[in-house]
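Let me begin by presenting the structure, written as C-alpha cells, before commenting on it.
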Amino acid sequence: DERQNEYFLEAIEDFVLPAKIYGKSNDYATRILNTFQDRPLSTGVLLSGIKGAGKTLLAKQTALMARELNIPTIVINRPWHGDQFNTFVQSLDSPAIIMFDEFEKVYDYSEQRAILTLLDGVFPTKKLFLLTTNSTGNVSEFLRNRPGRIYYNFEFTTLGQDFIREYCEDRLTDQSRVDEVIKYTNIFSFFNFDMLAAAVEEMNRYNESLAEVLNVLNVVPETKHDETYEMTLVVNGKS
C-alpha cells in the first residue's frame, strides 16, 4: 500500500501441475527442499535457461511440496526492494519460499543490485529464494558464481533426452519414430516443451514424420552464439 507505505500479503490461486511430470523435476525439487531444511539460514536457487524447459514447473512443484511441510510460498511480482521490503520479508518469522518468477524482467539491473542484501543470508530468519530467468546474461554478476547468495544454479539448456524419450513413449502413436525425435532434439537444443508437445500431436494426427510436421509448425531453430556444430562434408566417399 503505497499510500500507507506498508506491505501486506494477498492470496493467489493455487499452483496446478500437469498429471505427469517428466524428467528430473521431482529429484530437483526434493534436493532443493532437503538442502533448504538442512542449512541453518537462507538458501538461494536460480533456475535459468530456455523458455518452456521446465523452470517455472520446478518452482511450482517445489512450492507445492513445501506446502506439505507447512512452508508457504510468497510470489514477488513487482520490483520491491529496500530496507522496508527487507524488514517485511524478515518479519515473516517462519520458514518460507520467496519466489521471483522471470526475475530479470521484474527487476532491472540496478534493482537487482538493490536486493542483494536480502539474498545475502545475513538475516536471522530462514527463507528459500527461488529465482527463474530466461537469460542469465541479464542477471547481475553479483548473483552469478556466488553460492553465498545463490547456492544452486539449475540450467535448463534443453529438455533432456530422458524427458523427451519418456514423453514420446507415453504420447507418440508410432513408436518407431521415437528415435527420430530424439536424434533431432539432440542436435537442436532450442527445442522446448511446447514445441515437443505440438510436434507429437501433429505427428499423431497426420501420421507424418517429425521433418514433415516441422515444415508447417511454428517451430524455427533460433541462432545461438554459444552453440557450435561440427560438420563433415563427404564427397565420393572421402571426407
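A note on labels: chains of the C-alpha cells are A, B, ... as shown, every chain counts residues from 1, and ligands are counted from 1 in their shown order.
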
Residues of range 50-185 of chain A in strand (DSSP E or B), written as a ChimeraX atom specification: /A:73-75,96-100,127-133,152-156

Neighbour list for Phe154 in chain A as a PyMOL selection string, cut-off 8 Å, only C-alpha atoms, skip fewer than 4 positions in-chain: chain A and resi 45-48

Just-selected residues, N, CA, C and O atoms written as a PDB file, in the first residue's frame:
ATOM      1  N   VAL A  45      18.253 -20.120  -4.936  1.00  0.00           N
ATOM      2  CA  VAL A  45      18.256 -21.072  -6.057  1.00  0.00           C
ATOM      3  C   VAL A  45      17.895 -20.320  -7.324  1.00  0.00           C
ATOM      4  O   VAL A  45      16.856 -19.656  -7.389  1.00  0.00           O
ATOM      5  N   LEU A  46      18.746 -20.429  -8.350  1.00  0.00           N
ATOM      6  CA  LEU A  46      18.488 -19.819  -9.648  1.00  0.00           C
ATOM      7  C   LEU A  46      18.127 -20.915 -10.640  1.00  0.00           C
ATOM      8  O   LEU A  46      18.866 -21.888 -10.802  1.00  0.00           O
ATOM      9  N   LEU A  47      16.983 -20.756 -11.307  1.00  0.00           N
ATOM     10  CA  LEU A  47      16.544 -21.678 -12.353  1.00  0.00           C
ATOM     11  C   LEU A  47      16.620 -20.908 -13.661  1.00  0.00           C
ATOM     12  O   LEU A  47      15.838 -19.991 -13.899  1.00  0.00           O
ATOM     13  N   SER A  48      17.573 -21.261 -14.508  1.00  0.00           N
ATOM     14  CA  SER A  48      17.834 -20.470 -15.709  1.00  0.00           C
ATOM     15  C   SER A  48      17.774 -21.334 -16.954  1.00  0.00           C
ATOM     16  O   SER A  48      17.917 -22.557 -16.895  1.00  0.00           O
TER      17      SER A  48
END

Selection near range 163-165 of chain A, 8 Å with only C-alpha atoms, sequence-local residues under 6 positions removed, as a list in words: Tyr22, Gly23, Lys24, Val178, Ile182 and Leu196 of chain A

Requested write-out: N, CA and C atoms of the selected residues, as a PDB file, in the first residue's frame:
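Contents of the output file part_33.pdb:
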ATOM      1  N   TYR A  22       7.619 -35.081 -16.265  1.00  0.00           N
ATOM      2  CA  TYR A  22       8.708 -35.814 -16.896  1.00  0.00           C
ATOM      3  C   TYR A  22      10.061 -35.244 -16.460  1.00  0.00           C
ATOM      4  N   GLY A  23      11.096 -36.008 -16.737  1.00  0.00           N
ATOM      5  CA  GLY A  23      12.439 -35.527 -16.456  1.00  0.00           C
ATOM      6  C   GLY A  23      12.811 -35.596 -14.986  1.00  0.00           C
ATOM      7  N   LYS A  24      13.702 -34.683 -14.574  1.00  0.00           N
ATOM      8  CA  LYS A  24      14.293 -34.733 -13.242  1.00  0.00           C
ATOM      9  C   LYS A  24      13.657 -33.750 -12.267  1.00  0.00           C
ATOM     10  N   VAL A 178      10.241 -42.676 -32.407  1.00  0.00           N
ATOM     11  CA  VAL A 178      10.788 -42.082 -31.180  1.00  0.00           C
ATOM     12  C   VAL A 178      12.251 -41.698 -31.367  1.00  0.00           C
ATOM     13  N   ILE A 182      14.294 -38.102 -30.927  1.00  0.00           N
ATOM     14  CA  ILE A 182      15.453 -37.988 -30.043  1.00  0.00           C
ATOM     15  C   ILE A 182      16.650 -37.439 -30.808  1.00  0.00           C
ATOM     16  N   LEU A 196       7.790 -29.654 -28.509  1.00  0.00           N
ATOM     17  CA  LEU A 196       7.709 -31.115 -28.465  1.00  0.00           C
ATOM     18  C   LEU A 196       6.260 -31.582 -28.452  1.00  0.00           C
TER      19      LEU A 196
END

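If only C-alpha atoms are the atoms counted, then among A:Gln4, A:Asn186, A:Asn215, A:Asn70 the closest residue to Ala199 in chain A is A:Asn215.
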
Pairwise distance for CA of Asn192 in chain A and CA of Ala53 in chain A, rounded to one decimal in Å: 5.3 Å

Nearby residues (only C-alpha atoms) at most 12 Å from Ala66 in chain A, same-chain spacing under 2 positions excluded, as a VMD selection string: chain A and resid 29 to 34 36 to 37 59 to 64 68 to 74 95 to 98 127 to 128
